[in-house]
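What's in work-v1.cif: mmCIF, C-alpha atoms
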```cif
data_query
#
loop_
_atom_site.label_atom_id
_atom_site.label_comp_id
_atom_site.auth_asym_id
_atom_site.auth_seq_id
_atom_site.Cartn_x
_atom_site.Cartn_y
_atom_site.Cartn_z
CA MET A 1 0.00 0.00 0.00
CA ASN A 2 1.47 3.35 -1.05
CA ILE A 3 0.68 6.27 1.27
CA LEU A 4 1.66 9.87 0.52
CA VAL A 5 1.62 12.39 3.38
CA VAL A 6 1.44 16.08 2.49
CA GLY A 7 3.32 18.46 4.81
CA GLY A 8 6.72 18.88 6.35
CA GLY A 9 6.51 19.53 10.09
CA GLY A 10 6.41 17.77 13.44
CA ARG A 11 2.76 16.83 12.97
CA GLU A 12 3.54 15.08 9.69
CA HIS A 13 6.51 13.29 11.25
CA ALA A 14 4.24 12.03 14.05
CA ILE A 15 1.67 10.82 11.51
CA ILE A 16 4.35 9.08 9.43
CA MET A 17 5.96 7.35 12.42
CA LYS A 18 2.54 6.07 13.53
CA LEU A 19 1.70 4.89 9.99
CA ALA A 20 5.08 3.11 9.92
CA GLU A 21 3.89 0.96 12.85
CA SER A 22 1.05 -0.46 10.74
CA LYS A 23 0.78 -4.22 10.42
CA LYS A 24 -0.06 -3.68 6.75
CA SER A 25 2.70 -3.68 4.18
CA ILE A 26 3.10 -0.01 3.28
CA ASN A 27 5.46 2.30 1.41
CA LEU A 28 5.60 5.83 2.82
CA TYR A 29 6.14 9.01 0.81
CA CYS A 30 6.08 12.63 1.95
CA THR A 31 6.19 16.07 0.37
CA PRO A 32 8.00 18.28 1.15
CA GLY A 33 9.00 16.40 4.32
CA ASN A 34 12.06 17.30 6.41
CA GLY A 35 15.33 15.79 7.64
CA GLY A 36 13.73 13.52 10.22
CA ILE A 37 10.87 12.42 7.98
CA ALA A 38 13.41 11.45 5.28
CA LYS A 39 14.54 8.59 7.55
CA TYR A 40 11.05 7.04 7.44
CA ALA A 41 9.61 8.07 4.08
CA GLU A 42 10.85 8.97 0.62
CA CYS A 43 10.62 12.77 0.40
CA PHE A 44 9.91 15.01 -2.60
CA SER A 45 10.21 18.75 -3.16
CA VAL A 46 6.60 19.55 -4.10
CA LYS A 47 5.20 22.30 -1.85
CA ALA A 48 2.24 21.40 0.38
CA THR A 49 0.13 24.11 -1.28
CA ASP A 50 0.92 23.02 -4.86
CA ILE A 51 -2.34 21.23 -5.61
CA GLU A 52 -1.53 20.25 -9.19
CA GLY A 53 1.98 19.17 -8.16
CA VAL A 54 0.67 16.95 -5.36
CA VAL A 55 -1.95 15.36 -7.64
CA ASN A 56 0.79 14.57 -10.17
CA LEU A 57 3.07 13.22 -7.44
CA ALA A 58 0.28 10.99 -6.11
CA LYS A 59 -0.06 9.51 -9.59
CA LYS A 60 3.71 9.13 -9.93
CA VAL A 61 4.03 7.08 -6.71
CA SER A 62 0.73 5.22 -7.39
CA ALA A 63 -0.65 6.44 -4.08
CA ASP A 64 -3.44 4.30 -2.63
CA MET A 65 -4.06 7.04 -0.04
CA VAL A 66 -2.98 10.67 0.34
CA VAL A 67 -3.04 12.17 3.84
CA VAL A 68 -3.39 15.95 3.57
CA ALA A 69 -2.19 17.22 6.94
CA PRO A 70 -1.77 21.06 6.90
CA ASP A 71 -4.58 23.62 6.90
CA ASP A 72 -3.61 25.62 3.79
CA PRO A 73 -3.95 22.83 1.18
CA LEU A 74 -7.17 21.60 2.81
CA VAL A 75 -8.74 25.07 2.67
CA LEU A 76 -7.52 25.46 -0.93
CA GLY A 77 -9.33 22.23 -1.93
CA MET A 78 -6.54 19.67 -2.33
CA VAL A 79 -8.79 16.78 -1.26
CA ASP A 80 -11.35 17.78 -3.92
CA ALA A 81 -8.62 17.82 -6.60
CA LEU A 82 -7.33 14.39 -5.55
CA ASN A 83 -10.81 12.88 -5.43
CA ALA A 84 -11.59 14.32 -8.87
CA GLU A 85 -8.70 12.21 -10.21
CA GLY A 86 -9.97 9.10 -8.41
CA ILE A 87 -7.29 9.32 -5.71
CA VAL A 88 -8.36 8.39 -2.17
CA ALA A 89 -7.55 11.12 0.36
CA PHE A 90 -7.81 11.59 4.13
CA GLY A 91 -8.95 15.07 5.11
CA PRO A 92 -11.97 17.34 4.65
CA ASP A 93 -12.93 18.76 1.28
CA LYS A 94 -12.87 22.51 0.62
CA ALA A 95 -16.50 23.03 1.63
CA ALA A 96 -15.87 21.45 5.06
CA ALA A 97 -12.39 22.93 5.63
CA ILE A 98 -13.96 26.40 5.81
CA ILE A 99 -14.65 25.56 9.47
CA GLU A 100 -11.02 26.61 10.02
CA GLY A 101 -10.53 28.69 6.88
CA SER A 102 -13.02 31.32 8.06
CA LYS A 103 -13.51 32.27 11.70
CA VAL A 104 -16.55 34.29 10.61
CA PHE A 105 -18.10 31.13 9.19
CA SER A 106 -17.33 29.03 12.26
CA LYS A 107 -18.63 31.64 14.73
CA ASN A 108 -21.84 32.07 12.73
CA LEU A 109 -22.23 28.28 12.56
CA MET A 110 -22.00 28.05 16.34
CA LYS A 111 -24.52 30.86 16.80
CA LYS A 112 -26.96 29.29 14.33
CA TYR A 113 -26.82 25.83 15.95
CA ASN A 114 -26.52 26.94 19.60
CA ILE A 115 -23.03 25.53 20.08
CA PRO A 116 -21.51 27.25 23.15
CA THR A 117 -18.84 29.84 22.31
CA ALA A 118 -17.76 33.34 23.30
CA LYS A 119 -19.97 36.35 22.54
CA TYR A 120 -18.73 38.01 19.34
CA GLU A 121 -19.31 40.46 16.49
CA VAL A 122 -17.95 40.46 12.93
CA PHE A 123 -16.50 43.52 11.19
CA SER A 124 -15.18 44.36 7.73
CA ASP A 125 -14.75 48.07 8.57
CA SER A 126 -11.96 49.00 11.00
CA SER A 127 -13.59 52.20 12.28
CA LYS A 128 -16.81 50.35 13.18
CA ALA A 129 -14.77 47.65 14.91
CA ILE A 130 -12.96 50.27 17.00
CA GLU A 131 -16.28 51.96 17.85
CA TYR A 132 -17.65 48.61 19.06
CA ILE A 133 -14.60 47.95 21.24
CA GLN A 134 -14.91 51.42 22.80
CA LYS A 135 -18.62 50.92 23.47
CA GLU A 136 -18.18 47.44 25.00
CA ASN A 137 -15.22 48.65 27.10
CA LYS A 138 -14.36 45.15 28.37
CA TYR A 139 -10.76 43.97 28.61
CA PRO A 140 -8.97 41.79 27.82
CA THR A 141 -10.74 41.52 24.47
CA VAL A 142 -9.91 39.13 21.62
CA VAL A 143 -9.29 40.26 18.02
CA LYS A 144 -9.12 37.51 15.37
CA ALA A 145 -8.29 37.65 11.68
CA ASP A 146 -10.96 35.82 9.68
CA GLY A 147 -8.65 33.64 7.59
CA LEU A 148 -5.59 31.44 8.13
CA ALA A 149 -2.54 33.08 9.72
CA LEU A 150 -0.16 30.26 10.66
CA GLY A 151 -1.83 29.94 14.06
CA LYS A 152 -0.88 33.52 14.93
CA GLY A 153 -4.00 35.43 13.80
CA VAL A 154 -5.35 36.01 17.31
CA ILE A 155 -4.44 39.08 19.38
CA ILE A 156 -5.50 39.37 23.04
CA ALA A 157 -5.67 43.09 23.83
CA GLN A 158 -5.36 44.21 27.47
CA ASN A 159 -6.73 47.74 26.95
CA PHE A 160 -8.33 50.02 24.36
CA GLU A 161 -5.01 51.17 22.87
CA GLU A 162 -3.86 47.57 22.29
CA ALA A 163 -7.25 46.60 20.82
CA LYS A 164 -7.22 49.60 18.47
CA ASN A 165 -3.66 48.76 17.36
CA ALA A 166 -4.68 45.13 16.80
CA VAL A 167 -7.59 46.13 14.55
CA ASN A 168 -5.46 48.56 12.54
CA SER A 169 -2.51 46.17 12.16
CA ILE A 170 -4.79 43.36 10.92
CA MET A 171 -7.20 45.37 8.75
CA GLU A 172 -5.18 48.40 7.62
CA ASP A 173 -1.53 47.24 7.76
CA LYS A 174 -2.61 43.76 6.59
CA ILE A 175 -0.03 41.90 8.73
CA PHE A 176 -1.89 38.67 7.86
CA GLY A 177 -2.63 39.65 4.25
CA LYS A 178 -6.09 38.88 2.89
CA SER A 179 -6.86 36.85 6.03
CA GLY A 180 -7.51 40.15 7.81
CA ALA A 181 -10.12 41.58 5.42
CA SER A 182 -12.73 40.71 8.05
CA ILE A 183 -12.21 40.27 11.77
CA VAL A 184 -14.01 38.74 14.72
CA ILE A 185 -14.04 40.60 18.03
CA GLU A 186 -15.06 38.37 20.91
CA GLU A 187 -15.24 38.31 24.67
CA PHE A 188 -12.25 36.96 26.56
CA LEU A 189 -13.08 33.61 28.17
CA THR A 190 -11.31 32.37 31.26
CA GLY A 191 -10.67 28.84 32.51
CA PRO A 192 -8.44 25.89 31.63
CA GLU A 193 -7.87 25.33 27.90
CA VAL A 194 -8.26 21.86 26.43
CA SER A 195 -7.44 20.56 22.94
CA VAL A 196 -9.50 17.62 21.70
CA LEU A 197 -8.76 16.07 18.31
CA CYS A 198 -11.54 13.90 16.89
CA PHE A 199 -11.74 11.37 14.09
CA THR A 200 -15.00 11.78 12.19
CA ASP A 201 -16.53 10.34 9.03
CA GLY A 202 -19.37 12.87 9.04
CA LYS A 203 -21.75 10.55 10.92
CA THR A 204 -19.70 9.16 13.80
CA ILE A 205 -17.25 11.19 15.87
CA VAL A 206 -14.55 9.60 18.05
CA PRO A 207 -12.57 11.92 20.35
CA MET A 208 -8.87 11.19 20.83
CA VAL A 209 -7.01 11.60 24.12
CA SER A 210 -7.29 15.21 25.34
CA SER A 211 -4.22 17.43 25.52
CA MET A 212 -2.93 20.74 26.88
CA ASP A 213 -1.00 23.10 24.61
CA HIS A 214 1.49 25.78 25.71
CA LYS A 215 1.25 28.66 23.23
CA ARG A 216 3.49 31.35 24.74
CA ALA A 217 7.17 31.46 23.89
CA TYR A 218 8.53 31.69 27.43
CA ASP A 219 8.09 30.11 30.87
CA ASN A 220 5.05 31.06 32.98
CA ASP A 221 3.04 31.68 29.79
CA GLU A 222 4.92 34.88 29.01
CA GLY A 223 6.07 36.30 25.68
CA PRO A 224 4.51 36.21 22.20
CA ASN A 225 2.12 33.56 20.92
CA THR A 226 3.75 30.73 18.96
CA GLY A 227 2.56 27.71 17.03
CA GLY A 228 2.95 25.80 20.31
CA MET A 229 5.98 25.23 22.59
CA GLY A 230 4.88 21.91 24.05
CA THR A 231 1.99 19.67 25.01
CA VAL A 232 0.93 17.04 27.50
CA ALA A 233 -1.77 14.37 27.33
CA PRO A 234 -4.19 13.59 28.77
CA ASN A 235 -5.38 16.98 30.05
CA PRO A 236 -6.37 16.61 33.75
CA TYR A 237 -9.04 19.33 33.44
CA TYR A 238 -10.91 17.22 30.88
CA THR A 239 -12.88 14.95 33.21
CA ASP A 240 -15.29 12.20 32.15
CA ASP A 241 -18.23 14.48 32.98
CA ILE A 242 -16.86 17.31 30.87
CA ALA A 243 -16.12 14.87 28.05
CA GLU A 244 -19.75 13.73 28.06
CA GLU A 245 -20.98 17.33 28.10
CA CYS A 246 -18.70 18.18 25.16
CA MET A 247 -19.95 15.20 23.17
CA ASN A 248 -23.59 16.22 23.66
CA SER A 249 -23.34 20.01 23.41
CA ILE A 250 -20.36 20.54 21.08
CA PHE A 251 -18.96 17.53 19.16
CA LEU A 252 -22.12 15.88 17.83
CA PRO A 253 -23.91 19.22 17.22
CA THR A 254 -20.93 20.43 15.18
CA ILE A 255 -20.72 17.45 12.81
CA ASN A 256 -24.53 17.42 12.48
CA ALA A 257 -24.52 21.18 11.74
CA MET A 258 -21.95 20.67 8.99
CA VAL A 259 -24.13 17.96 7.41
CA LYS A 260 -27.13 20.33 7.51
CA GLU A 261 -25.02 23.02 5.82
CA SER A 262 -24.10 20.51 3.04
CA ARG A 263 -20.49 20.61 4.26
CA THR A 264 -20.08 17.08 5.67
CA PHE A 265 -16.76 16.93 7.52
CA LYS A 266 -14.58 13.82 7.11
CA GLY A 267 -11.12 13.72 8.62
CA CYS A 268 -9.64 15.05 11.84
CA LEU A 269 -11.64 17.85 13.48
CA TYR A 270 -9.85 19.78 16.23
CA PHE A 271 -11.77 21.44 19.03
CA GLY A 272 -10.00 24.17 20.99
CA LEU A 273 -12.05 24.41 24.19
CA MET A 274 -12.21 26.60 27.27
CA ILE A 275 -13.68 25.07 30.44
CA THR A 276 -15.47 28.17 31.77
CA ALA A 277 -17.58 28.62 34.90
CA ASP A 278 -20.59 28.22 32.54
CA GLY A 279 -19.30 24.96 31.11
CA PRO A 280 -17.11 24.11 28.10
CA LYS A 281 -17.11 26.54 25.17
CA VAL A 282 -15.45 26.45 21.74
CA ILE A 283 -12.55 28.87 21.24
CA GLU A 284 -11.72 27.61 17.76
CA TYR A 285 -12.06 24.77 15.28
CA ASN A 286 -9.20 23.38 13.18
CA CYS A 287 -9.85 21.22 10.13
CA ARG A 288 -6.80 18.99 10.77
CA PHE A 289 -4.50 17.48 13.37
CA GLY A 290 -3.08 20.11 15.74
CA ASP A 291 0.64 20.74 16.07
CA PRO A 292 2.16 19.87 18.57
CA GLU A 293 -0.93 18.11 19.98
CA THR A 294 -0.59 15.33 17.39
CA GLN A 295 2.82 14.42 18.79
CA VAL A 296 1.48 13.53 22.26
CA VAL A 297 -1.88 12.15 21.13
CA LEU A 298 -0.72 9.77 18.40
CA SER A 299 2.12 8.50 20.59
CA LEU A 300 -0.62 7.11 22.87
CA LEU A 301 -2.67 5.54 20.03
CA ASP A 302 -2.82 1.74 20.18
CA THR A 303 -4.90 1.08 17.04
CA ASP A 304 -3.51 0.86 13.50
CA LEU A 305 -3.74 4.41 12.08
CA VAL A 306 -4.10 3.07 8.52
CA ASP A 307 -7.24 1.20 9.61
CA ILE A 308 -8.65 4.38 11.19
CA PHE A 309 -7.95 6.51 8.11
CA GLU A 310 -9.65 3.90 5.90
CA ALA A 311 -12.66 3.76 8.24
CA VAL A 312 -13.03 7.55 8.07
CA ILE A 313 -12.72 7.64 4.28
CA ASN A 314 -15.21 4.76 3.83
CA GLU A 315 -17.64 6.18 6.45
CA LYS A 316 -17.28 3.07 8.64
CA LEU A 317 -15.86 4.70 11.75
CA ASP A 318 -18.59 3.10 13.88
CA LYS A 319 -17.22 -0.33 12.92
CA ILE A 320 -13.73 0.17 14.39
CA ASP A 321 -12.56 -0.06 18.00
CA ILE A 322 -10.06 2.74 18.67
CA ARG A 323 -7.86 1.96 21.66
CA TRP A 324 -5.37 4.05 23.63
CA LYS A 325 -2.33 3.18 25.72
CA LYS A 326 -2.57 3.79 29.45
CA GLY A 327 -0.31 6.45 30.89
CA ALA A 328 0.65 9.92 29.73
CA SER A 329 2.71 11.71 27.12
CA ALA A 330 4.71 14.96 27.13
CA CYS A 331 6.27 16.92 24.26
CA VAL A 332 8.83 19.71 24.67
CA ILE A 333 9.48 21.85 21.59
CA MET A 334 13.11 22.77 20.97
CA ALA A 335 13.00 26.00 18.98
CA SER A 336 15.47 28.33 17.32
CA GLY A 337 16.52 31.32 19.44
CA GLY A 338 14.34 34.29 18.49
CA TYR A 339 11.31 32.22 17.44
CA PRO A 340 8.51 33.22 16.71
CA LYS A 341 10.28 36.32 15.38
CA LYS A 342 13.65 36.40 13.60
CA TYR A 343 15.91 33.35 13.98
CA ASP A 344 18.91 31.70 12.33
CA THR A 345 18.79 28.44 10.35
CA GLY A 346 21.42 25.99 9.15
CA LEU A 347 22.74 25.25 12.64
CA LYS A 348 24.12 21.74 13.21
CA ILE A 349 22.17 19.55 15.65
CA SER A 350 24.15 17.16 17.85
CA GLY A 351 23.06 14.33 20.14
CA LEU A 352 20.69 12.47 17.80
CA ASN A 353 21.35 8.99 16.39
CA GLU A 354 21.49 8.26 12.66
CA LYS A 355 17.68 8.02 12.49
CA GLY A 356 17.36 11.42 14.15
CA GLN A 357 16.09 9.73 17.30
CA LEU A 358 17.04 8.96 20.93
CA ASP A 359 16.43 5.95 23.16
CA ASN A 360 13.40 6.22 25.50
CA ALA A 361 11.90 9.14 23.55
CA MET A 362 10.40 10.00 20.17
CA ILE A 363 12.03 12.93 18.41
CA TYR A 364 9.55 14.46 15.98
CA HIS A 365 11.35 16.72 13.52
CA ALA A 366 9.57 19.97 12.73
CA GLY A 367 12.22 22.20 11.15
CA THR A 368 15.26 20.12 10.16
CA LYS A 369 17.15 19.27 7.01
CA LEU A 370 19.48 16.33 6.38
CA GLU A 371 22.84 16.93 4.71
CA ASN A 372 25.75 14.46 4.56
CA ASP A 373 24.17 12.36 7.33
CA ASN A 374 23.96 15.39 9.67
CA PHE A 375 20.83 17.18 10.83
CA TYR A 376 20.63 20.99 10.63
CA THR A 377 17.97 23.48 11.75
CA SER A 378 15.67 24.80 9.01
CA GLY A 379 12.76 26.39 10.88
CA GLY A 380 11.51 28.11 14.01
CA ARG A 381 10.26 25.03 15.80
CA VAL A 382 13.01 22.47 15.26
CA LEU A 383 12.26 19.31 17.29
CA GLY A 384 9.35 17.96 19.35
CA VAL A 385 10.97 15.82 22.05
CA THR A 386 8.24 13.44 23.22
CA ALA A 387 8.11 10.76 25.92
CA ILE A 388 5.40 8.43 27.21
CA ALA A 389 5.31 6.94 30.72
CA ASP A 390 2.95 5.47 33.29
CA ASN A 391 2.19 8.93 34.69
CA LEU A 392 2.49 12.54 33.61
CA LYS A 393 5.39 13.49 35.91
CA SER A 394 7.51 10.61 34.60
CA ALA A 395 6.66 11.50 30.99
CA ILE A 396 7.71 15.13 31.57
CA ASP A 397 10.92 14.06 33.34
CA HIS A 398 11.81 11.64 30.50
CA ALA A 399 11.15 14.33 27.87
CA TYR A 400 13.45 16.83 29.57
CA GLU A 401 16.15 14.19 30.09
CA SER A 402 16.12 13.73 26.32
CA VAL A 403 16.08 17.49 25.65
CA ASN A 404 19.30 17.77 27.67
CA LYS A 405 21.04 15.28 25.38
CA ILE A 406 20.40 17.40 22.26
CA ASN A 407 22.20 20.58 21.32
CA PHE A 408 22.32 23.26 18.65
CA ASP A 409 23.46 26.87 18.79
CA LYS A 410 20.96 29.40 20.21
CA MET A 411 18.38 26.67 20.97
CA HIS A 412 15.40 27.69 23.08
CA PHE A 413 12.78 25.69 24.97
CA ARG A 414 10.39 26.22 27.86
CA ASN A 415 11.31 24.65 31.19
CA ASP A 416 7.75 24.43 32.53
CA ILE A 417 5.86 22.24 30.03
CA GLY A 418 3.19 20.28 31.92
CA GLN A 419 3.65 22.00 35.27
CA ARG A 420 0.15 23.49 35.21
CA ALA A 421 -1.27 20.06 34.44
CA LEU A 422 0.65 18.48 37.35
CA LYS A 423 -0.82 21.02 39.77
CA ALA A 424 -4.33 20.19 38.53
CA GLN A 425 -4.04 16.45 39.18
#
```

As a first step, turn the structure in this file into structure tokens.
Amino acid sequence: MNILVVGGGGREHAIIMKLAESKKSINLYCTPGNGGIAKYAECFSVKATDIEGVVNLAKKVSADMVVVAPDDPLVLGMVDALNAEGIVAFGPDKAAAIIEGSKVFSKNLMKKYNIPTAKYEVFSDSSKAIEYIQKENKYPTVVKADGLALGKGVIIAQNFEEAKNAVNSIMEDKIFGKSGASIVIEEFLTGPEVSVLCFTDGKTIVPMVSSMDHKRAYDNDEGPNTGGMGTVAPNPYYTDDIAEECMNSIFLPTINAMVKESRTFKGCLYFGLMITADGPKVIEYNCRFGDPETQVVLSLLDTDLVDIFEAVINEKLDKIDIRWKKGASACVIMASGGYPKKYDTGLKISGLNEKGQLDNAMIYHAGTKLENDNFYTSGGRVLGVTAIADNLKSAIDHAYESVNKINFDKMHFRNDIGQRALKAQ
């Protein structure tokens, strides 16, 4: 079985390493991949957003399945293009991927179908947005670009001046390009955050193990927002009672709403949740596996991922038993100094074995390249050092033990991944 994975980050490496465990006989391909992925799959140079190029590559490698992992190609309609050529693909089509591609769409969907979320208003005129903020006069307030922005399109403003600057930078200065033509301004929710990835075939929805992301660049949740500096799973705030409430008030209503809107969602649907005093509410949807949540969640998966992907594609998810390992998982992101702003690349990484791995840990490569059997940095987030253990404290300890064996110039990582979760246990 030939499987092509589209993407080149830590999430794709985690997917590929889990697919490699399959009992089925499979050949793995990836585009564009990275240095670590190249040790597990044959990599190509086609960009993840090159729809025609990926379709042609899928034909070239006789792909029996294409896994489209990143948000951009999903929102652009890569799954539609593959299906039009008779190529089987895992991931939502363009009509369904709008659930992440447009925050305006997703907020209006939640309002229409009474799915709990923060109070909000939508604006396509910056002066009216600023007037609304002044009238509401509630801080912090949240300003979101409508479209995709590499996970960085959300600004939490602490006062009027910051909120005004956020509106102007998104809508007038266009720091996120066309993604900021419209914005959502919403109330700031408080409570523990939970990430829940779900497999769904449009009829059945199966939540994965919950996780806790760490978005800020520095310890104690300080510094700028990033794509994620680490994760732990399961999330101790996500109790069985809350899980049941989420299934009944959020998960099932969302997939049923998408069916009613003629946008049936098949793939991995990500729910970013806030456990507020009024119960769980949706902060955001993603139309794909989260990064770095995938690294901790899939490391705990005990069912063949190929079987799950096939069940989703064939709308037979209710026929498969998805099992999880007991214990916990922790991922610490090793990033380039300066990330998420300016940083150097091309720095040699030491401490890894020839497969780019370490004993007693899983090293998911996010921004690496392989040259002359050496690994070098090629991105902001470089490695996702992940460990599983019987309990969360042991998983965190193992992850940091592995972090301390790896080195590259100007490397940066948080020292407090999972500490908030430990206090909540």

Do you have, as JSON lines, the list of residues of stretch 97-179 of chain A lying at most 12 Å from stretch 265-268 of chain A, each with its nearest atom pair and that distance in Å to one decimal, counting all atoms listed in the file and ordered by chain then number?
```
{"residue": "A:Ala97", "atom": "CA", "partner": "A:Phe265", "partner_atom": "CA", "distance": 7.7}
{"residue": "A:Ile98", "atom": "CA", "partner": "A:Phe265", "partner_atom": "CA", "distance": 10.0}
{"residue": "A:Ile99", "atom": "CA", "partner": "A:Phe265", "partner_atom": "CA", "distance": 9.1}
{"residue": "A:Glu100", "atom": "CA", "partner": "A:Phe265", "partner_atom": "CA", "distance": 11.5}
```

For this session: Can you work out the spacing between atom CA of A:Thr200 and atom CA of A:Leu28 in Å, to one decimal?
Result: 23.4 Å

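Applied to the shown file, the PyMOL selection byres ((chain A and resi 305-317) around 6) selects the residues Leu19, Asp201, Asp304, Asp318, Lys319 and Ile320 of chain A.
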
Problem set entry | Ground truth for the PyMOL selection byres ((chain A and resi 69) around 12), written as a ChimeraX atom specification | /A:4-16,30-33,48-49,66-68,70-75,78-79,89-92,97,267-269,286-291,294

Exercise. With all atoms listed in the file as the basis for distance, which of A:Ala389, A:Leu57, A:Met212, A:Ile333 is at the shortest distance from A:Tyr364?
Worked result: A:Ile333

For this session: Give me the result of the PyMOL selection byres ((chain A and resi 412) around 9) on this file, residue by residue, as number ranges by chain.
Result: A: 333-339, 410-411, 413-414

Can those selected residues be exported to a file as a CSV table (one decimal), in the frame of the given file so that it contains C-alpha atoms?
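File written: part_8.csv
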```
chain,number,residue,atom,x,y,z
A,333,ILE,CA,9.5,21.8,21.6
A,334,MET,CA,13.1,22.8,21.0
A,335,ALA,CA,13.0,26.0,19.0
A,336,SER,CA,15.5,28.3,17.3
A,337,GLY,CA,16.5,31.3,19.4
A,338,GLY,CA,14.3,34.3,18.5
A,339,TYR,CA,11.3,32.2,17.4
A,410,LYS,CA,21.0,29.4,20.2
A,411,MET,CA,18.4,26.7,21.0
A,413,PHE,CA,12.8,25.7,25.0
A,414,ARG,CA,10.4,26.2,27.9
```

Exercise. In terms of the shortest atom-to-atom distance over only C-alpha atoms, which of A:Ser182, A:Gly384, A:Lys369, A:Asp390 is closest to A:Lys39?
Worked result: A:Lys369

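In this model, the gap between atom CA of A:Ile388 and atom CA of A:Asp213 comes to 16.2 Å.
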
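In this comparison, which uses only C-alpha atoms, the residue of A:Leu148, A:Val104, A:Ala233, A:Leu109 approaching A:Ile185 most closely is A:Val104.
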
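With all atoms listed in the file as the atoms that count, the minimum distance from A:Gly379 to the choices A:Asn34, A:Asn360, A:Val332, A:Val122 is reached by A:Asn34.
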
For this session: Please indicate the distance in Å from atom CA of A:Ser126 to atom CA of A:Gly101, rounded to one decimal place.
Result: 20.8 Å

Problem set entry | Exercise: stretch 238-246 of chain A partners within 10 Å, all atoms listed in the file, chain neighbours under 2 positions left out, as a ChimeraX atom specification | /A:115-116,192-196,207,209-212,234-236,248-253,271,273,275,279-282

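Nearest residue to A:Thr204, choosing from A:Gly230, A:Glu162, A:Ile255, A:Asp219 and counting all atoms listed in the file: A:Ile255.
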
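Minimum distance to A:Val142 across A:Ala166, A:Ala63, A:Ala277, A:Ile51 (counting all atoms listed in the file) occurs at A:Ala166.
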
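Near stretch 81-83 of chain A, within a cut-off of 10 Å and counting only C-alpha atoms, sit the residues Ile51, Glu52, Val54, Val55, Asn56, Ala58, Lys59, Met65, Val66, Leu76, Val88, Ala89, Asp93 and Lys94 of chain A, with same-chain residues fewer than 5 positions away left out.
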